[in-house]
$ cat structure_27.cif   # mmCIF, C-alpha atoms
data_data
#
loop_
_atom_site.label_atom_id
_atom_site.label_comp_id
_atom_site.auth_asym_id
_atom_site.auth_seq_id
_atom_site.Cartn_x
_atom_site.Cartn_y
_atom_site.Cartn_z
CA MET A 1 38.50 -41.81 -32.92
CA LYS A 2 35.07 -40.25 -32.60
CA ARG A 3 34.44 -36.75 -33.87
CA VAL A 4 32.99 -34.55 -31.15
CA VAL A 5 31.58 -31.09 -31.84
CA ALA A 6 30.55 -28.60 -29.16
CA ILE A 7 28.14 -25.69 -29.18
CA ASN A 8 28.98 -23.02 -26.65
CA GLY A 9 25.61 -21.46 -25.78
CA SER A 10 27.08 -18.65 -23.70
CA PRO A 11 26.56 -15.25 -25.32
CA LYS A 12 29.74 -14.01 -23.58
CA SER A 13 32.48 -13.35 -26.11
CA ALA A 14 35.33 -14.47 -23.84
CA GLU A 15 36.04 -16.31 -20.60
CA SER A 16 32.69 -17.99 -20.26
CA THR A 17 32.20 -20.83 -17.79
CA SER A 18 30.67 -22.81 -20.66
CA GLY A 19 33.87 -22.38 -22.70
CA MET A 20 35.92 -23.54 -19.72
CA LEU A 21 33.72 -26.63 -19.27
CA ILE A 22 34.20 -27.53 -22.95
CA LYS A 23 37.99 -27.24 -22.52
CA ILE A 24 37.94 -29.53 -19.49
CA LEU A 25 35.87 -32.12 -21.35
CA GLU A 26 38.16 -31.86 -24.35
CA GLU A 27 41.00 -32.99 -22.08
CA TYR A 28 39.00 -35.92 -20.73
CA ILE A 29 37.82 -36.98 -24.18
CA GLY A 30 41.39 -36.75 -25.51
CA THR A 31 40.59 -35.23 -28.87
CA ILE A 32 40.14 -31.76 -30.29
CA VAL A 33 36.53 -30.66 -29.97
CA ASP A 34 35.43 -28.26 -32.72
CA THR A 35 33.54 -25.55 -30.88
CA PHE A 36 31.00 -23.08 -32.23
CA GLN A 37 29.54 -20.06 -30.43
CA ALA A 38 25.75 -20.12 -30.81
CA VAL A 39 25.50 -16.33 -30.77
CA GLU A 40 27.96 -16.06 -33.69
CA LEU A 41 26.74 -19.05 -35.66
CA ILE A 42 23.14 -17.82 -35.96
CA ARG A 43 24.42 -14.65 -37.64
CA ARG A 44 26.73 -16.37 -40.13
CA GLU A 45 25.69 -16.37 -43.76
CA ASP A 46 26.99 -19.91 -44.19
CA ALA A 47 25.25 -21.13 -41.02
CA HIS A 48 23.40 -23.86 -42.93
CA LYS A 49 26.71 -25.32 -44.14
CA VAL A 50 28.22 -25.28 -40.66
CA ILE A 51 25.08 -26.84 -39.17
CA ALA A 52 25.12 -29.58 -41.84
CA ASP A 53 28.71 -30.31 -40.83
CA ILE A 54 27.86 -30.31 -37.10
CA LEU A 55 25.17 -32.91 -37.80
CA LYS A 56 27.82 -35.23 -39.29
CA ALA A 57 29.69 -35.48 -35.97
CA ASP A 58 29.48 -38.61 -33.82
CA ASP A 59 28.67 -36.66 -30.68
CA LEU A 60 27.37 -33.17 -30.07
CA LEU A 61 27.97 -31.42 -26.80
CA ILE A 62 25.74 -28.45 -25.96
CA VAL A 63 27.05 -26.34 -23.07
CA PHE A 64 25.32 -23.21 -21.81
CA PRO A 65 24.49 -21.00 -18.82
CA LEU A 66 20.99 -20.96 -17.37
CA TYR A 67 19.16 -17.80 -18.48
CA VAL A 68 15.80 -17.07 -16.83
CA ASP A 69 15.10 -20.74 -16.00
CA SER A 70 15.91 -21.94 -19.51
CA LEU A 71 18.21 -21.60 -22.54
CA PRO A 72 19.75 -18.31 -23.70
CA ALA A 73 17.69 -16.96 -26.62
CA SER A 74 20.55 -17.21 -29.12
CA LEU A 75 21.09 -20.90 -28.34
CA LEU A 76 17.36 -21.52 -28.56
CA LYS A 77 17.32 -19.93 -31.98
CA LEU A 78 20.25 -22.05 -33.12
CA LEU A 79 18.46 -25.20 -31.96
CA THR A 80 15.42 -24.28 -34.08
CA GLN A 81 17.77 -23.85 -37.07
CA ILE A 82 19.39 -27.21 -36.34
CA GLU A 83 15.92 -28.78 -36.13
CA GLN A 84 15.14 -27.54 -39.64
CA ALA A 85 18.46 -28.84 -40.97
CA ALA A 86 18.05 -32.20 -39.23
CA LYS A 87 14.72 -32.76 -41.01
CA ALA A 88 16.53 -32.53 -44.34
CA CYS A 89 19.51 -34.59 -43.17
CA GLY A 90 19.56 -38.09 -44.62
CA SER A 91 22.42 -39.49 -42.58
CA SER A 92 22.48 -40.53 -38.92
CA LEU A 93 22.59 -37.75 -36.36
CA PRO A 94 25.08 -37.25 -33.53
CA THR A 95 24.39 -38.37 -29.99
CA VAL A 96 23.76 -35.29 -27.87
CA TYR A 97 25.09 -34.49 -24.38
CA THR A 98 24.21 -31.32 -22.54
CA ILE A 99 25.72 -29.30 -19.70
CA CYS A 100 23.91 -26.39 -18.08
CA ASN A 101 25.41 -24.32 -15.27
CA CYS A 102 23.75 -21.71 -13.10
CA GLY A 103 24.83 -19.09 -10.57
CA PHE A 104 22.36 -20.34 -7.98
CA TYR A 105 23.58 -22.78 -5.37
CA GLU A 106 21.28 -25.67 -6.21
CA ALA A 107 22.09 -27.54 -9.43
CA GLU A 108 18.40 -28.52 -9.72
CA HIS A 109 17.60 -25.03 -11.05
CA ASN A 110 18.96 -26.39 -14.35
CA SER A 111 16.45 -29.25 -14.56
CA LEU A 112 13.92 -27.58 -16.87
CA ALA A 113 16.59 -26.32 -19.27
CA LEU A 114 17.93 -29.88 -19.51
CA LYS A 115 14.42 -31.20 -20.14
CA MET A 116 14.11 -28.66 -22.96
CA THR A 117 17.32 -29.78 -24.65
CA ARG A 118 16.18 -33.42 -24.30
CA THR A 119 12.91 -32.39 -25.97
CA PHE A 120 14.87 -30.76 -28.79
CA VAL A 121 16.84 -33.98 -29.29
CA LYS A 122 13.61 -36.04 -29.43
CA ARG A 123 12.19 -33.62 -31.97
CA ILE A 124 15.16 -33.99 -34.32
CA GLY A 125 15.23 -37.75 -33.79
CA ALA A 126 18.82 -37.92 -32.56
CA GLY A 127 20.18 -40.10 -29.78
CA TYR A 128 20.58 -38.58 -26.32
CA GLY A 129 23.17 -39.35 -23.70
CA TYR A 130 22.20 -37.23 -20.72
CA GLY A 131 22.33 -33.76 -19.26
CA LEU A 132 24.55 -32.49 -16.48
CA GLY A 133 23.30 -29.63 -14.31
CA ILE A 134 25.92 -27.71 -12.31
CA GLY A 135 25.19 -25.32 -9.41
CA CYS A 136 27.46 -22.46 -8.16
CA GLY A 137 28.74 -22.08 -11.75
CA GLY A 138 30.55 -18.89 -10.85
CA VAL A 139 33.08 -20.61 -8.56
CA LEU A 140 34.37 -22.95 -11.27
CA ALA A 141 36.64 -20.26 -12.67
CA GLN A 142 38.14 -19.64 -9.22
CA MET A 143 38.51 -23.19 -7.87
CA LYS A 144 40.09 -26.18 -9.51
CA LYS A 145 39.93 -28.70 -6.66
CA GLY A 146 38.58 -29.27 -3.14
CA PRO A 147 34.88 -28.28 -3.08
CA VAL A 148 34.64 -28.68 -6.87
CA ASP A 149 36.15 -32.20 -7.03
CA ASN A 150 32.64 -33.62 -7.50
CA VAL A 151 32.04 -31.33 -10.49
CA TYR A 152 35.28 -32.50 -12.10
CA ALA A 153 34.31 -36.13 -11.38
CA ALA A 154 30.94 -35.58 -13.08
CA LEU A 155 32.70 -34.04 -16.09
CA ARG A 156 35.08 -37.01 -16.23
CA ASP A 157 32.06 -39.35 -16.19
CA MET A 158 30.56 -37.46 -19.10
CA GLY A 159 33.88 -37.66 -20.97
CA ASP A 160 33.87 -41.44 -20.41
CA ALA A 161 30.27 -41.69 -21.64
CA ILE A 162 31.14 -39.74 -24.79
CA THR A 163 34.20 -41.86 -25.60
CA ALA A 164 32.44 -45.19 -24.86
CA GLU A 165 31.68 -47.38 -27.88
CA ASN A 166 27.97 -47.66 -27.19
CA SER A 167 26.05 -44.78 -25.72
CA LYS A 168 22.80 -45.22 -23.87
CA GLU A 169 20.30 -42.67 -22.72
CA CYS A 170 20.50 -41.93 -18.99
CA GLU A 171 18.79 -39.73 -16.42
CA ASP A 172 20.12 -36.19 -15.99
CA VAL A 173 22.79 -35.70 -13.31
CA PHE A 174 22.96 -32.73 -10.92
CA VAL A 175 26.04 -31.62 -9.04
CA THR A 176 26.70 -28.71 -6.67
CA PRO A 177 30.22 -28.04 -5.33
CA LYS A 178 30.69 -29.23 -1.75
CA MET A 179 30.40 -25.96 0.16
CA PRO A 180 27.80 -24.72 2.63
CA ARG A 181 24.98 -22.79 1.04
CA PHE A 182 25.08 -19.96 3.55
CA LEU A 183 28.76 -19.33 2.75
CA TYR A 184 28.12 -19.30 -1.00
CA LYS A 185 25.22 -16.89 -0.45
CA ILE A 186 27.23 -14.53 1.78
CA GLY A 187 30.23 -14.68 -0.57
CA GLY A 188 28.00 -13.97 -3.56
CA ASN A 189 26.31 -11.01 -1.92
CA ILE A 190 29.66 -9.54 -0.81
CA GLY A 191 30.87 -9.97 -4.38
CA TRP A 192 27.92 -7.99 -5.78
CA ARG A 193 28.58 -5.19 -3.27
CA GLN A 194 32.27 -5.08 -4.12
CA MET A 195 31.65 -4.91 -7.86
CA THR A 196 29.05 -2.19 -7.41
CA ARG A 197 31.29 -0.19 -5.06
CA LYS A 198 34.13 -0.43 -7.58
CA ASN A 199 31.84 1.15 -10.15
CA GLY A 200 30.86 3.89 -7.69
CA VAL A 201 27.17 2.98 -7.65
CA LEU A 202 26.80 1.03 -4.39
CA LYS A 203 24.24 3.53 -3.10
CA GLN A 204 22.13 2.98 -6.21
CA ILE A 205 22.31 -0.82 -6.19
CA LYS A 206 18.60 -1.10 -5.26
CA ALA A 207 17.48 1.66 -7.66
CA LYS A 208 13.99 1.37 -9.14
CA PRO A 209 14.28 3.27 -12.44
CA HIS A 210 10.86 2.13 -13.66
CA SER A 211 8.90 3.00 -10.50
CA LEU A 212 5.83 5.14 -10.85
CA MET B 1 -6.28 -2.46 -15.35
CA LYS B 2 -3.18 -1.87 -17.50
CA ILE B 3 -2.16 -4.92 -19.47
CA LEU B 4 0.90 -5.45 -21.61
CA ILE B 5 0.73 -8.21 -24.20
CA LEU B 6 4.18 -9.42 -25.24
CA CYS B 7 3.98 -11.77 -28.18
CA ASP B 8 6.11 -13.54 -30.73
CA ARG B 9 5.78 -12.70 -34.41
CA GLU B 10 3.94 -15.93 -35.16
CA SER B 11 1.06 -15.16 -32.81
CA GLY B 12 -0.18 -12.50 -35.24
CA THR B 13 -0.41 -15.01 -38.10
CA GLU B 14 -2.68 -17.88 -39.03
CA SER B 15 -0.26 -20.52 -37.75
CA GLY B 16 -0.31 -18.66 -34.45
CA PHE B 17 -4.13 -18.68 -34.51
CA ASN B 18 -4.02 -14.83 -34.67
CA LEU B 19 -3.91 -15.14 -30.92
CA SER B 20 -2.35 -11.71 -30.28
CA LEU B 21 -5.17 -9.92 -32.11
CA HIS B 22 -7.88 -11.97 -30.41
CA ALA B 23 -6.30 -11.58 -26.97
CA GLU B 24 -6.06 -7.79 -27.34
CA GLU B 25 -9.67 -7.60 -28.49
CA THR B 26 -10.88 -9.84 -25.64
CA LEU B 27 -9.08 -7.87 -22.96
CA LYS B 28 -10.30 -4.53 -24.32
CA GLN B 29 -13.86 -5.88 -24.25
CA VAL B 30 -13.64 -6.46 -20.51
CA GLY B 31 -12.47 -2.90 -19.97
CA CYS B 32 -8.71 -3.30 -19.69
CA GLU B 33 -6.24 -0.81 -21.09
CA VAL B 34 -4.12 -2.95 -23.44
CA GLN B 35 -0.81 -2.40 -25.19
CA THR B 36 0.63 -5.09 -27.46
CA ILE B 37 4.32 -5.33 -28.29
CA VAL B 38 5.43 -7.80 -30.96
CA LEU B 39 8.89 -9.02 -30.01
CA ASN B 40 11.51 -9.81 -32.63
CA SER B 41 14.61 -11.74 -31.62
CA ASP B 42 16.47 -10.35 -34.64
CA GLU B 43 16.09 -6.84 -33.26
CA ILE B 44 16.68 -7.49 -29.56
CA LYS B 45 20.39 -7.81 -28.81
CA PRO B 46 21.39 -10.90 -26.82
CA CYS B 47 22.08 -10.55 -23.10
CA ILE B 48 25.85 -10.96 -22.80
CA GLY B 49 25.82 -11.94 -19.13
CA CYS B 50 27.95 -8.95 -18.13
CA PHE B 51 25.82 -8.13 -15.01
CA GLY B 52 26.26 -4.43 -15.83
CA CYS B 53 22.51 -4.03 -15.14
CA TRP B 54 23.24 -5.01 -11.53
CA VAL B 55 26.66 -3.46 -10.84
CA LYS B 56 27.14 -0.54 -13.28
CA THR B 57 23.73 0.94 -14.12
CA PRO B 58 21.52 -0.71 -11.46
CA GLY B 59 18.10 -1.54 -12.84
CA LEU B 60 18.90 -0.75 -16.47
CA CYS B 61 20.59 -2.86 -19.13
CA VAL B 62 23.89 -1.40 -20.36
CA ILE B 63 22.94 -2.22 -23.95
CA THR B 64 21.02 0.88 -24.96
CA ASN B 65 20.80 0.70 -28.75
CA ASP B 66 17.66 -1.40 -28.83
CA CYS B 67 14.22 -1.41 -27.21
CA ALA B 68 14.78 -3.73 -24.20
CA ASN B 69 14.97 -0.98 -21.53
CA ASP B 70 11.90 0.75 -23.00
CA ILE B 71 9.92 -2.49 -22.93
CA SER B 72 11.03 -3.10 -19.32
CA HIS B 73 9.73 0.38 -18.46
CA ILE B 74 6.27 -0.43 -19.85
CA PHE B 75 6.45 -3.94 -18.35
CA MET B 76 7.15 -2.82 -14.79
CA ARG B 77 4.42 -0.16 -14.94
CA SER B 78 1.79 -2.67 -16.05
CA ASP B 79 -0.61 -4.47 -13.73
CA ALA B 80 -0.37 -7.66 -15.74
CA VAL B 81 1.76 -9.03 -18.55
CA VAL B 82 0.38 -11.61 -20.97
CA LEU B 83 3.14 -13.53 -22.75
CA LEU B 84 1.94 -15.17 -25.95
CA THR B 85 4.40 -17.69 -27.30
CA HIS B 86 4.75 -20.64 -29.56
CA ILE B 87 5.82 -23.41 -27.20
CA THR B 88 9.39 -24.20 -28.20
CA TYR B 89 10.84 -27.41 -26.71
CA GLY B 90 8.55 -26.77 -23.74
CA GLY B 91 9.70 -23.18 -23.27
CA PHE B 92 9.27 -19.71 -24.75
CA ALA B 93 9.94 -18.99 -28.43
CA PRO B 94 13.19 -17.11 -29.27
CA ASP B 95 11.27 -13.82 -29.80
CA LEU B 96 9.95 -13.89 -26.21
CA LYS B 97 13.11 -15.32 -24.73
CA ALA B 98 15.29 -12.60 -26.29
CA PHE B 99 13.44 -10.01 -24.21
CA LEU B 100 13.14 -12.13 -21.06
CA ASP B 101 16.93 -12.62 -21.06
CA ARG B 102 17.27 -8.84 -21.11
CA SER B 103 14.73 -8.31 -18.32
CA ILE B 104 16.97 -9.35 -15.42
CA PRO B 105 17.70 -5.69 -14.52
CA ASN B 106 14.19 -5.83 -13.01
CA ILE B 107 15.38 -8.02 -10.14
CA LEU B 108 18.30 -7.52 -7.74
CA PRO B 109 21.66 -9.31 -7.85
CA TYR B 110 21.49 -10.23 -4.14
CA PHE B 111 20.71 -13.82 -3.28
CA GLU B 112 18.12 -14.97 -0.75
CA ILE B 113 16.56 -18.27 0.18
CA TYR B 114 12.93 -18.41 -0.90
CA ARG B 115 10.79 -21.52 -0.42
CA GLY B 116 13.84 -23.63 0.30
CA LYS B 117 15.99 -22.64 -2.66
CA MET B 118 18.30 -19.81 -3.67
CA HIS B 119 16.78 -17.02 -5.74
CA HIS B 120 17.48 -13.34 -6.39
CA GLN B 121 15.89 -10.66 -4.25
CA MET B 122 13.16 -8.48 -5.75
CA ARG B 123 14.01 -4.97 -6.98
CA TYR B 124 10.45 -3.64 -7.07
CA ASP B 125 7.71 -3.78 -4.43
CA LYS B 126 5.40 -5.50 -6.86
CA PHE B 127 5.85 -7.46 -10.05
CA PRO B 128 3.03 -7.51 -12.62
CA TRP B 129 0.80 -10.56 -12.88
CA TRP B 130 2.45 -13.14 -15.10
CA ILE B 131 0.17 -14.89 -17.59
CA ALA B 132 2.03 -17.30 -19.84
CA VAL B 133 0.01 -18.42 -22.84
CA GLY B 134 1.62 -21.13 -24.96
CA TYR B 135 0.25 -22.28 -28.29
CA GLY B 136 1.14 -24.75 -31.02
CA GLU B 137 1.39 -28.47 -31.59
CA SER B 138 3.13 -29.80 -28.50
CA SER B 139 3.61 -33.17 -26.88
CA GLU B 140 2.25 -33.80 -23.39
CA SER B 141 5.77 -33.61 -21.97
CA GLU B 142 6.34 -30.24 -23.66
CA LEU B 143 3.12 -28.89 -22.18
CA GLU B 144 4.18 -30.18 -18.79
CA ILE B 145 7.56 -28.43 -19.10
CA PHE B 146 5.78 -25.20 -20.09
CA ARG B 147 3.54 -25.33 -17.02
CA GLU B 148 6.49 -26.14 -14.80
CA LEU B 149 8.41 -23.23 -16.36
CA SER B 150 5.61 -20.85 -15.48
CA GLU B 151 5.75 -22.00 -11.85
CA ARG B 152 9.54 -21.65 -11.85
CA ASN B 153 9.37 -18.14 -13.38
CA ALA B 154 6.87 -17.17 -10.68
CA LEU B 155 9.28 -18.34 -7.97
CA ASN B 156 12.03 -16.17 -9.44
CA LEU B 157 9.96 -13.08 -10.31
CA ARG B 158 7.25 -13.32 -7.65
CA PRO B 159 4.32 -11.73 -9.48
CA GLN B 160 1.27 -11.15 -7.29
CA LYS B 161 -0.63 -13.72 -9.35
CA HIS B 162 0.40 -16.05 -12.14
CA PHE B 163 -1.45 -18.23 -14.63
CA CYS B 164 -0.46 -20.62 -17.36
CA LEU B 165 -2.73 -21.38 -20.32
CA THR B 166 -2.05 -23.57 -23.34
CA ALA B 167 -3.75 -24.13 -26.68
CA LYS B 168 -2.87 -26.80 -29.21
CA SER B 169 -5.58 -25.89 -31.71
CA ALA B 170 -7.83 -23.02 -32.83
CA GLY B 171 -10.61 -24.55 -30.71
CA GLU B 172 -8.45 -24.54 -27.61
CA CYS B 173 -7.53 -20.90 -28.34
CA GLN B 174 -11.18 -20.04 -27.77
CA ASP B 175 -10.91 -21.67 -24.33
CA VAL B 176 -7.78 -19.62 -23.64
CA LEU B 177 -9.56 -16.39 -24.59
CA GLN B 178 -12.48 -17.31 -22.32
CA ALA B 179 -10.04 -18.00 -19.49
CA LEU B 180 -8.34 -14.61 -20.05
CA LYS B 181 -11.75 -12.98 -19.96
CA ARG B 182 -12.59 -14.65 -16.64
CA ILE B 183 -9.26 -13.72 -15.06
CA PHE B 184 -9.63 -10.04 -15.90
CA THR B 185 -13.40 -9.63 -15.62
CA GLU B 186 -13.19 -10.41 -11.92
CA GLU B 187 -10.34 -7.97 -11.48
CA VAL B 188 -11.84 -5.08 -13.47
CA SER B 189 -15.20 -5.35 -11.69
CA ALA B 190 -13.56 -5.67 -8.24
#

$ encode --input "structure_27.cif" --output "structure tokens"
Amino acid sequence: MKRVVAINGSPKSAESTSGMLIKILEEYIGTIVDTFQAVELIRREDAHKVIADILKADDLLIVFPLYVDSLPASLLKLLTQIEQAAKACGSSLPTVYTICNCGFYEAEHNSLALKMTRTFVKRIGAGYGYGLGIGCGGVLAQMKKGPVDNVYAALRDMGDAITAENSKECEDVFVTPKMPRFLYKIGGNIGWRQMTRKNGVLKQIKAKPHSL
Amino acid sequence: MKILILCDRESGTESGFNLSLHAEETLKQVGCEVQTIVLNSDEIKPCIGCFGCWVKTPGLCVITNDCANDISHIFMRSDAVVLLTHITYGGFAPDLKAFLDRSIPNILPYFEIYRGKMHHQMRYDKFPWWIAVGYGESSESELEIFRELSERNALNLRPQKHFCLTAKSAGECQDVLQALKRIFTEEVSA
């Protein structure tokens, strides 16, 4: 059985979509996936030991939310630490798979972030599987089937690719749940209003605290 | 013209071609008012994706025990922001990215369709010019990602003007400084 390790690049301490995606893949892969939180790992004193151990895995799964068109800073920092460790690593490196999800409707917003992780993999000289970009990331916690069936199918495909004997590098894949964009947009905007109203600041939602 | 230079720690060193010092000097020479802030990802707390800056304290990050809100204040009151960064996998270095992650209070949570794709609405009437300057040894594909990133950032932040400059060597840094000079000379004399 292959050893699969995951890096959760979400800086959220609990209930992140990235964490949920790792759990789903764990089921499809059929083995326990050791998971590390990037934001915690970069602060650990024994980070170099953990990273050395991560690099011994057969496959490495990097899962994260899109932050300002690219990777969250803490994940980025961890990747630079892994790059340093990989240079000193004599043994073969894991094959890397990446998943990036965003709150925007179109999954293609994730394309640059996936190109960046592919660049990281080239820099460390590891093998790359492919990246999966997911749109409407926020609905994944609320829906398990129907419009999100295609997302689950894409995750199952990635699980199959990870468990396959021979991995080969493929093009990145993009998937957006099957729902009309205007509905997702309206639903999202209503959601923002509701959250703001609940906090008693709906009137200030468009505040400009830094205006001249 | 008021310019904010945001730079990573490396850009003030030899391996960063002392770009932050040269850029500040160049921009002052053309008559701009310049402030430089050296960003440090060890000091800027990570954005925790709580959206409090949109639904609890609109326009301000809820994390208040570091400098991110203060930098945003200077940022939004500048005419232009020059971002000096070591190109890291085609993107910004962690020092820059740590602040950019914390700068989302400066846009609104609401979605809108802009140029065919979903984006957030703008919070402010104008967003400072966005000048991304990437340096360091990079492959062609990394440079291409960096340029594409600058375009993508501009679609999301909608600055009045945006530019992307890159330098792989000390020689190319001179070209970057000349380009910065041209961009702002025209504006200051206008």

$ resolve_selection --input "structure_27.cif" --expression "the PyMOL selection byres ((chain A and resi 126-134) around 7)" --output "MDAnalysis selection string"
chainID A and resid 93:102 107:108 110:111 114 121:122 124:125 135:137 167:176

$ resolve_selection --input "structure_27.cif" --expression "the PyMOL selection byres ((chain B) within 8 of (chain A))" --output "count of residues only"
44

$ resolve_selection --input "structure_27.cif" --expression "the PyMOL selection byres ((chain B and resi 158-160) around 6)" --output "MDAnalysis selection string"
chainID B and resid 127:129 154:157 161

$ atom_distance --input "structure_27.cif" --atom1 "CA of Val38 (chain B)" --atom2 "CA of Cys7 (chain B)"
5.1 Å

$ closest_residue --input "structure_27.cif" --among "B:Ala23, B:Cys32, B:Ile71, B:Val176" --to "Ile3 (chain B)" --atoms "all atoms listed in the file"
B:Cys32

$ atom_distance --input "structure_27.cif" --atom1 "CA of Ala170 (chain B)" --atom2 "CA of Gly31 (chain B)"
24.3 Å

$ atom_distance --input "structure_27.cif" --atom1 "CA of Phe184 (chain B)" --atom2 "CA of Arg147 (chain B)"
20.2 Å

$ closest_residue --input "structure_27.cif" --among "A:Gln37, A:Ser92, A:Gly146, A:Asn8" --to "Leu21 (chain A)" --atoms "only C-alpha atoms"
A:Asn8

$ residues_near_point --input "structure_27.cif" --point "(5.5, -23.8, -26.0)" --cutoff "10 Å" --atoms "only C-alpha atoms" --output "PyMOL selection string"
chain B and resi 84-93+132-139+142-147+166-168
